[in-house]
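Asks: If it helps, the file is called input_36.cif and holds mmCIF, C-alpha atoms:
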```cif
data_input
loop_
_atom_site.label_atom_id
_atom_site.label_comp_id
_atom_site.auth_asym_id
_atom_site.auth_seq_id
_atom_site.Cartn_x
_atom_site.Cartn_y
_atom_site.Cartn_z
CA MET A 17 22.31 23.64 -24.99
CA SER A 18 25.19 24.23 -22.53
CA GLU A 19 25.44 22.19 -19.37
CA GLY A 20 24.11 23.94 -16.29
CA PRO A 21 25.99 24.61 -13.04
CA THR A 22 26.60 21.81 -10.60
CA LEU A 23 25.21 21.91 -7.07
CA ARG A 24 28.75 21.94 -5.68
CA GLN A 25 29.64 24.98 -7.77
CA LEU A 26 26.61 26.80 -6.40
CA GLU A 27 27.70 25.87 -2.87
CA TYR A 28 31.18 27.29 -3.53
CA PHE A 29 29.58 30.44 -4.93
CA ILE A 30 27.41 31.00 -1.82
CA ARG A 31 30.35 30.25 0.47
CA THR A 32 32.42 32.87 -1.34
CA VAL A 33 29.60 35.41 -1.07
CA ASP A 34 29.28 34.74 2.68
CA GLU A 35 33.03 34.91 3.36
CA GLY A 36 33.86 37.81 1.05
CA SER A 37 37.04 36.31 -0.43
CA PHE A 38 38.30 33.22 -2.18
CA ALA A 39 40.87 32.61 0.54
CA ALA A 40 38.35 32.69 3.37
CA ALA A 41 35.86 30.57 1.42
CA ALA A 42 38.56 28.00 0.58
CA ALA A 43 39.52 27.78 4.25
CA LYS A 44 35.90 27.10 5.24
CA GLU A 45 35.64 24.42 2.55
CA HIS A 46 38.97 22.89 3.60
CA MET A 47 40.46 23.18 0.12
CA ALA A 48 43.20 25.12 -1.61
CA GLN A 49 42.32 28.63 -2.79
CA PRO A 50 43.31 27.97 -6.45
CA SER A 51 40.92 25.01 -6.55
CA LEU A 52 37.99 27.04 -5.28
CA SER A 53 38.82 29.93 -7.62
CA GLU A 54 38.87 27.51 -10.55
CA GLN A 55 35.42 26.20 -9.60
CA ILE A 56 34.04 29.75 -9.58
CA ARG A 57 35.60 30.39 -13.01
CA ARG A 58 33.97 27.21 -14.35
CA LEU A 59 30.65 28.36 -12.96
CA GLU A 60 31.02 31.70 -14.67
CA ARG A 61 31.90 30.00 -17.97
CA ARG A 62 28.84 27.76 -17.73
CA LEU A 63 26.61 30.75 -17.03
CA GLY A 64 28.34 32.89 -19.64
CA THR A 65 28.73 35.83 -17.31
CA THR A 66 30.90 37.33 -14.55
CA LEU A 67 29.68 36.90 -10.99
CA PHE A 68 32.34 38.79 -9.04
CA VAL A 69 34.33 41.96 -9.55
CA ARG A 70 37.79 41.21 -8.19
CA THR A 71 39.30 44.07 -6.19
CA ASN A 72 42.39 44.23 -4.01
CA SER A 73 40.41 44.50 -0.80
CA ARG A 74 37.23 42.42 -1.23
CA LEU A 75 35.15 40.62 -3.84
CA ARG A 76 32.09 42.48 -5.05
CA LEU A 77 29.10 40.85 -6.69
CA THR A 78 28.03 41.92 -10.17
CA ASP A 79 24.35 42.57 -10.86
CA VAL A 80 23.99 39.05 -12.22
CA GLY A 81 25.79 37.68 -9.17
CA ARG A 82 23.36 39.44 -6.82
CA GLN A 83 20.39 38.01 -8.72
CA LEU A 84 21.90 34.54 -8.58
CA VAL A 85 22.33 34.48 -4.77
CA PRO A 86 18.67 33.73 -3.76
CA LYS A 87 18.21 31.23 -6.59
CA ALA A 88 21.43 29.41 -5.72
CA LYS A 89 20.39 29.22 -2.05
CA ALA A 90 16.96 27.89 -3.06
CA ALA A 91 18.57 25.22 -5.25
CA ILE A 92 20.89 24.16 -2.42
CA GLU A 93 18.01 24.01 0.08
CA ALA A 94 15.86 22.02 -2.37
CA ALA A 95 18.64 19.49 -2.87
CA ALA A 96 19.06 19.16 0.88
CA GLU A 97 15.32 18.55 1.25
CA VAL A 98 15.43 15.85 -1.42
CA SER A 99 18.23 14.13 0.48
CA ARG A 100 16.32 14.46 3.76
CA VAL A 101 13.14 12.96 2.31
CA ALA A 102 15.08 10.11 0.72
CA LYS A 103 16.81 9.34 4.00
CA VAL A 104 13.60 9.48 6.02
CA THR A 105 11.76 7.09 3.73
CA THR A 106 14.70 4.76 3.22
CA ASP A 107 15.57 4.26 6.89
CA LEU A 108 11.86 4.35 7.89
CA SER A 109 12.28 7.25 10.28
CA GLY A 110 9.35 8.72 8.37
CA GLY A 111 7.18 8.11 5.31
CA GLU A 112 3.73 6.57 4.94
CA VAL A 113 2.23 3.16 4.37
CA SER A 114 -0.45 3.32 1.66
CA PHE A 115 -2.25 -0.01 1.58
CA GLY A 116 -5.67 -1.45 0.77
CA SER A 117 -7.28 -4.69 1.80
CA PHE A 118 -10.49 -6.62 1.35
CA ARG A 119 -12.79 -5.51 4.13
CA SER A 120 -12.89 -8.73 6.15
CA ALA A 121 -9.08 -8.68 6.45
CA GLN A 122 -9.65 -7.46 10.00
CA HIS A 123 -10.24 -11.13 10.77
CA TYR A 124 -6.92 -12.12 9.26
CA LEU A 125 -4.33 -9.64 10.39
CA LEU A 126 -4.97 -5.90 10.19
CA ALA A 127 -5.29 -4.67 13.77
CA PRO A 128 -2.39 -6.75 15.19
CA LEU A 129 -0.24 -5.96 12.16
CA ILE A 130 -0.82 -2.21 12.40
CA LEU A 131 0.06 -2.21 16.10
CA ALA A 132 3.20 -4.29 15.54
CA PHE A 133 4.32 -2.11 12.63
CA ASN A 134 3.75 1.09 14.61
CA GLU A 135 5.75 -0.28 17.53
CA ARG A 136 8.67 -1.07 15.25
CA PHE A 137 8.45 2.09 13.08
CA PRO A 138 6.74 4.70 15.30
CA ASN A 139 7.38 7.64 12.96
CA VAL A 140 5.84 6.08 9.86
CA ARG A 141 2.27 7.12 9.12
CA ILE A 142 -0.14 4.31 8.23
CA ARG A 143 -3.13 4.53 5.89
CA VAL A 144 -4.90 1.20 5.47
CA VAL A 145 -8.16 1.30 3.51
CA GLY A 146 -10.73 -1.50 3.69
CA LEU A 147 -12.56 -2.04 0.42
CA ASN A 148 -13.88 -4.84 -1.71
CA SER A 149 -11.00 -6.57 -3.51
CA SER A 150 -12.16 -5.28 -6.89
CA ASP A 151 -12.09 -1.70 -5.57
CA VAL A 152 -8.65 -2.22 -4.00
CA ALA A 153 -7.38 -3.32 -7.42
CA ASP A 154 -8.88 -0.21 -9.05
CA ALA A 155 -7.38 2.08 -6.39
CA VAL A 156 -3.91 0.56 -6.80
CA ARG A 157 -4.21 0.76 -10.57
CA ARG A 158 -5.10 4.48 -10.34
CA GLY A 159 -2.25 5.17 -7.93
CA ASP A 160 -4.56 6.10 -5.03
CA LEU A 161 -2.97 3.25 -3.05
CA GLU A 162 0.49 1.77 -3.41
CA ALA A 163 -0.40 -1.84 -2.76
CA GLY A 164 -3.07 -4.12 -1.39
CA LEU A 165 -4.05 -7.56 -0.19
CA VAL A 166 -6.91 -8.89 -2.29
CA GLU A 167 -9.00 -11.96 -2.80
CA LEU A 168 -8.40 -13.49 -6.21
CA PRO A 169 -9.30 -13.25 -8.96
CA VAL A 170 -9.02 -9.54 -9.78
CA ASP A 171 -8.42 -7.89 -13.13
CA PRO A 172 -4.60 -8.00 -13.44
CA HIS A 173 -4.37 -5.19 -15.99
CA GLY A 174 -1.68 -2.73 -14.89
CA LEU A 175 -0.96 -4.72 -11.75
CA GLN A 176 1.76 -6.93 -10.41
CA VAL A 177 0.06 -9.83 -8.63
CA SER A 178 2.08 -11.93 -6.19
CA ALA A 179 1.83 -15.66 -5.75
CA PRO A 180 -0.96 -16.53 -3.29
CA VAL A 181 0.03 -15.71 0.28
CA LEU A 182 -3.07 -17.15 1.93
CA SER A 183 -5.53 -19.88 1.05
CA ASP A 184 -8.92 -20.40 2.66
CA ASP A 185 -12.03 -22.47 2.02
CA VAL A 186 -15.43 -21.02 1.24
CA VAL A 187 -17.94 -22.99 3.34
CA TYR A 188 -21.65 -23.38 3.95
CA ILE A 189 -22.67 -22.03 7.39
CA SER A 190 -25.87 -22.75 9.27
CA ALA A 191 -27.30 -22.69 12.78
CA HIS A 192 -28.71 -26.18 12.12
CA ARG A 193 -26.04 -28.83 12.56
CA VAL A 194 -28.08 -31.41 10.70
CA ARG A 195 -27.44 -29.41 7.52
CA THR A 196 -23.64 -29.48 7.90
CA ARG A 197 -22.90 -33.13 8.74
CA ARG A 198 -21.14 -33.68 5.41
CA PRO A 199 -19.93 -31.64 2.40
CA VAL A 200 -22.80 -29.89 0.67
CA ALA A 201 -23.38 -29.50 -3.07
CA LEU A 202 -24.83 -26.29 -4.47
CA ASP A 203 -28.04 -27.98 -5.56
CA GLN A 204 -28.59 -28.96 -1.91
CA ILE A 205 -28.03 -25.38 -0.81
CA ALA A 206 -30.28 -23.79 -3.43
CA PRO A 207 -33.56 -24.44 -1.54
CA SER A 208 -32.14 -22.73 1.57
CA ARG A 209 -32.98 -19.15 2.45
CA LEU A 210 -29.56 -17.70 1.77
CA ILE A 211 -28.02 -14.49 2.99
CA LEU A 212 -24.86 -13.34 1.19
CA ALA A 213 -22.41 -10.53 1.97
CA GLU A 214 -20.95 -7.86 -0.36
CA ALA A 215 -24.34 -6.50 -1.40
CA SER A 216 -22.94 -3.38 -3.06
CA TRP A 217 -20.60 -5.35 -5.29
CA GLY A 218 -22.59 -8.51 -6.06
CA ILE A 219 -20.73 -10.55 -8.68
CA ARG A 220 -18.02 -7.88 -8.87
CA ASP A 221 -16.83 -9.40 -5.58
CA PRO A 222 -14.37 -12.22 -6.41
CA MET A 223 -16.02 -14.85 -4.19
CA ARG A 224 -19.54 -13.94 -5.34
CA ARG A 225 -18.38 -14.08 -8.96
CA LEU A 226 -16.79 -17.52 -8.58
CA LEU A 227 -19.88 -18.75 -6.74
CA ALA A 228 -22.16 -17.48 -9.50
CA GLU A 229 -19.98 -19.08 -12.18
CA ARG A 230 -20.05 -22.43 -10.38
CA ALA A 231 -23.82 -22.26 -9.89
CA GLN A 232 -24.29 -21.48 -13.59
CA SER A 233 -22.05 -24.36 -14.65
CA GLU A 234 -24.03 -26.74 -12.40
CA LEU A 235 -27.38 -25.32 -13.61
CA VAL A 236 -28.27 -24.25 -10.08
CA ASP A 237 -30.25 -21.11 -9.25
CA LEU A 238 -28.43 -19.74 -6.20
CA ASP A 239 -30.41 -16.57 -5.59
CA PRO A 240 -29.89 -14.99 -2.13
CA PHE A 241 -32.98 -13.99 -0.19
CA ILE A 242 -31.05 -11.30 1.71
CA GLN A 243 -27.87 -9.43 0.80
CA VAL A 244 -25.85 -7.43 3.34
CA GLU A 245 -22.55 -5.60 3.18
CA TYR A 246 -20.53 -7.44 5.81
CA GLY A 247 -19.93 -11.08 6.62
CA ASP A 248 -20.27 -10.24 10.32
CA ALA A 249 -23.84 -9.12 9.77
CA ALA A 250 -24.64 -12.24 7.74
CA LEU A 251 -23.35 -14.48 10.55
CA GLU A 252 -25.37 -12.65 13.18
CA ILE A 253 -28.53 -13.20 11.16
CA VAL A 254 -27.65 -16.85 10.45
CA ALA A 255 -27.30 -17.45 14.20
CA ARG A 256 -31.04 -16.63 14.56
CA GLY A 257 -31.81 -19.87 12.70
CA THR A 258 -33.80 -18.77 9.64
CA PHE A 259 -31.06 -18.13 7.06
CA ASP A 260 -27.82 -19.82 6.00
CA THR A 261 -24.80 -18.28 4.34
CA ILE A 262 -21.64 -19.00 2.33
CA LEU A 263 -18.41 -17.34 3.45
CA PRO A 264 -14.66 -17.95 3.79
CA LEU A 265 -14.17 -20.16 6.82
CA VAL A 266 -11.86 -17.77 8.67
CA GLU A 267 -14.68 -15.22 8.92
CA LEU A 268 -16.67 -17.74 10.94
CA GLN A 269 -13.73 -18.88 13.06
CA ARG A 270 -13.02 -15.31 14.15
CA HIS A 271 -16.66 -14.40 14.84
CA PRO A 272 -18.00 -14.16 18.45
CA LEU A 273 -20.94 -16.43 17.54
CA ARG A 274 -18.79 -19.20 16.02
CA ASN A 275 -19.78 -21.71 18.70
CA GLU A 276 -23.46 -21.24 17.89
CA LEU A 277 -22.95 -22.04 14.22
CA SER A 278 -21.78 -25.06 12.24
CA TRP A 279 -20.22 -25.37 8.83
CA ALA A 280 -19.53 -27.80 6.02
CA HIS A 281 -17.20 -27.76 3.04
CA LEU A 282 -18.82 -27.32 -0.32
CA SER A 283 -18.79 -30.28 -2.68
CA PRO A 284 -16.62 -30.05 -4.66
CA ALA A 285 -14.35 -27.97 -2.42
CA PHE A 286 -14.29 -24.20 -2.97
CA PRO A 287 -10.80 -22.84 -2.18
CA VAL A 288 -10.01 -19.13 -2.43
CA ASP A 289 -6.59 -17.48 -2.65
CA PHE A 290 -5.36 -14.09 -1.53
CA ALA A 291 -2.39 -12.19 -2.93
CA PHE A 292 -0.58 -8.87 -2.75
CA ILE A 293 -0.94 -6.44 -5.64
CA SER A 294 0.96 -3.32 -6.66
CA ARG A 295 1.24 -1.22 -9.80
CA SER A 296 3.33 -2.92 -12.44
CA ASP A 297 4.98 0.37 -13.46
CA ALA A 298 5.90 1.72 -10.01
CA GLU A 299 8.23 0.79 -7.18
CA LEU A 300 6.91 0.49 -3.65
CA SER A 301 8.00 2.97 -1.03
CA PRO A 302 10.20 1.48 1.71
CA ALA A 303 7.38 1.95 4.24
CA THR A 304 4.76 0.04 2.25
CA GLU A 305 7.30 -2.62 1.31
CA ALA A 306 8.14 -3.11 5.00
CA PHE A 307 4.43 -3.31 5.87
CA ILE A 308 3.92 -6.07 3.33
CA ALA A 309 6.99 -7.93 4.58
CA MET A 310 5.72 -7.81 8.16
CA SER A 311 2.29 -9.09 7.13
CA ARG A 312 3.57 -12.37 5.72
CA GLY A 313 4.18 -13.92 9.14
CA PRO A 314 0.67 -13.28 10.52
CA LEU A 315 -0.88 -14.47 7.25
CA GLU A 316 0.82 -17.85 7.62
CA GLU A 317 -1.10 -18.38 10.87
CA PHE A 318 -4.36 -18.52 8.92
CA GLN A 319 -3.40 -21.06 6.29
CA GLY A 320 -6.21 -23.50 5.49
CA PRO A 321 -7.90 -25.66 4.59
CA TRP A 322 -9.30 -26.90 7.88
#
```
Output the file's structure in the form of structure tokens.

Replies:
Amino acid sequence: MSEGPTLRQLEYFIRTVDEGSFAAAAAKEHMAQPSLSEQIRRLERRLGTTLFVRTNSRLRLTDVGRQLVPKAKAAIEAAAEVSRVAKVTTDLSGGEVSFGSFRSAQHYLLAPLILAFNERFPNVRIRVVGLNSSDVADAVRRGDLEAGLVELPVDPHGLQVSAPVLSDDVVYISAHRVRTRRPVALDQIAPSRLILAEASWGIRDPMRRLLAERAQSELVDLDPFIQVEYGDAALEIVARGTFDTILPLVELQRHPLRNELSWAHLSPAFPVDFAFISRSDAELSPATEAFIAMSRGPLEEFQGPW
């Protein structure tokens, strides 16, 4: 199969059509007439046809030449659009952040980060989706999101998982300070009336899964009496004094009722890690990459354990 025309040859062709002669087209292109004429001849050889009828007064397009004009212009415009899009996304004068996070990330960084990013890159659109970490991993794997910040562990299949960027402690939280004077083992918690978050996901949630695995290994029946979707709701109910809960510590420390509640480390300690994920077979857009880079600073402010 013969090699097709180059974009530059198509540009010379359109310039010649617009100017009506090789001499005038060469002058507009700031090149010698023989050089431009040679480029047109090469274009004709590649296409296997004649594009112009040369006359003494003015060039005249052949039938093939007339049919080529709109297609050549479309190709030139398409190439210009590709260059424009590449420039916009590379210099962050445009583009879109496509990012997912575990839902309680609002306590860690999301609102301040979004505002700071928008101030720095005001023309970049931002789409940040709050989901359970397991759903964020699925969305990134499918390509619905470019990247995400998730609680570990998640299924790493098809994903690139960063080193942990945040560590926290899962703690026991109660309105009764007598229950939190020292680290608490799961068999001490089991008799409590527990309320746990992430009701829709259950053990598909990373923390709930790790908690269930630990309870099973210690032969403890840790069955929640109430399950709700959000940690905020669990803490509001715990503050009433009837139920206790188990959550990452930062969720308590950022809650309006934190001073009405007390907490204790689990025994043994229950650390959790958070990491960035992206598709292993795709590069991040400059916008999403910049969003991740900007998030690292705020995440460092929440490093535990406490």

Asks: I'd like the contact shell of Val236 of chain A - 7 Å cut-off, all atoms listed in the file, skipping same-chain residues fewer than 2 positions apart - returned as a count of residues only.

Replies: 7

Asks: Could you list, as a PyMOL selection string, every residue matched by the PyMOL selection byres ((chain A and resi 83-86) around 12) in this structure?

Replies: chain A and resi 21+26-34+59-60+63+65-68+77-82+87-93

Asks: For Glu316 of chain A, work out the shell of residues within 8 Å, counting all atoms listed in the file and skipping chain neighbours fewer than 3 positions away, then give it as a ChimeraX atom specification.

Replies: /A:181-182,312-313,319

Asks: Would you give me, as a Markdown table, each residue of segment 131-188 of chain A having an atom within 6 Å of an atom of segment 295-302 of chain A, along with its shortest atom pair and that distance in Å to one decimal, using only C-alpha atoms and sorting by chain and residue number?

Replies:
```
| residue | atom | partner | partner_atom | distance |
| --- | --- | --- | --- | --- |
| A:Arg157 | CA | A:Arg295 | CA | 5.8 |
| A:Gly174 | CA | A:Ser296 | CA | 5.6 |
| A:Leu175 | CA | A:Arg295 | CA | 4.6 |
| A:Gln176 | CA | A:Ser296 | CA | 4.8 |
```

Asks: Save out the residues we just selected, C-alpha atoms, as an mmCIF file, in the frame of the given file.

Replies:
```cif
data_model
loop_
_atom_site.group_PDB
_atom_site.id
_atom_site.type_symbol
_atom_site.label_atom_id
_atom_site.label_comp_id
_atom_site.auth_asym_id
_atom_site.auth_seq_id
_atom_site.Cartn_x
_atom_site.Cartn_y
_atom_site.Cartn_z
ATOM 1 C CA ARG A 157 -4.210 0.760 -10.570
ATOM 2 C CA GLY A 174 -1.680 -2.730 -14.890
ATOM 3 C CA LEU A 175 -0.960 -4.720 -11.750
ATOM 4 C CA GLN A 176 1.760 -6.930 -10.410
#
```

Asks: Which polymer residues have any atom within 12 Å of an atom of Ala127 of chain A, counting all atoms listed in the file, with same-chain residues fewer than 3 positions away left out, as a list of chain:residue names?

Replies: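 The residues satisfying every condition are A:Ser120, A:Ala121, A:Gln122, A:His123, A:Tyr124, A:Ile130, A:Leu131, A:Ala132, A:Phe133, A:Asn134, A:Ile142, A:Val144, A:Gly146, A:Ser311, A:Pro314.
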
Asks: From the options A:Gly110, A:Ala48, A:Glu305, A:Ser278, which residue's atoms come nearest to Val194 of chain A, counting all atoms listed in the file?

Replies: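 The answer is A:Ser278, which sits nearest to Val194 of chain A.
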
Asks: Since I can't run it myself right now, could you work out what the PyMOL selection byres ((chain A and resi 277) around 7) selects here and report it as a list in words?

Replies: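 Selection result, ordered by chain and number: Ile189, Ser190, Ala191, Ala255, Leu273, Arg274, Asn275, Glu276, Ser278 and Trp279 of chain A.
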
Asks: May I ask for the distance between atom CA of Glu162 of chain A and atom CA of Val177 of chain A, given in Å to one decimal place?

Replies: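 Value for the atom CA of Glu162 of chain A-atom CA of Val177 of chain A distance: 12.7 Å.
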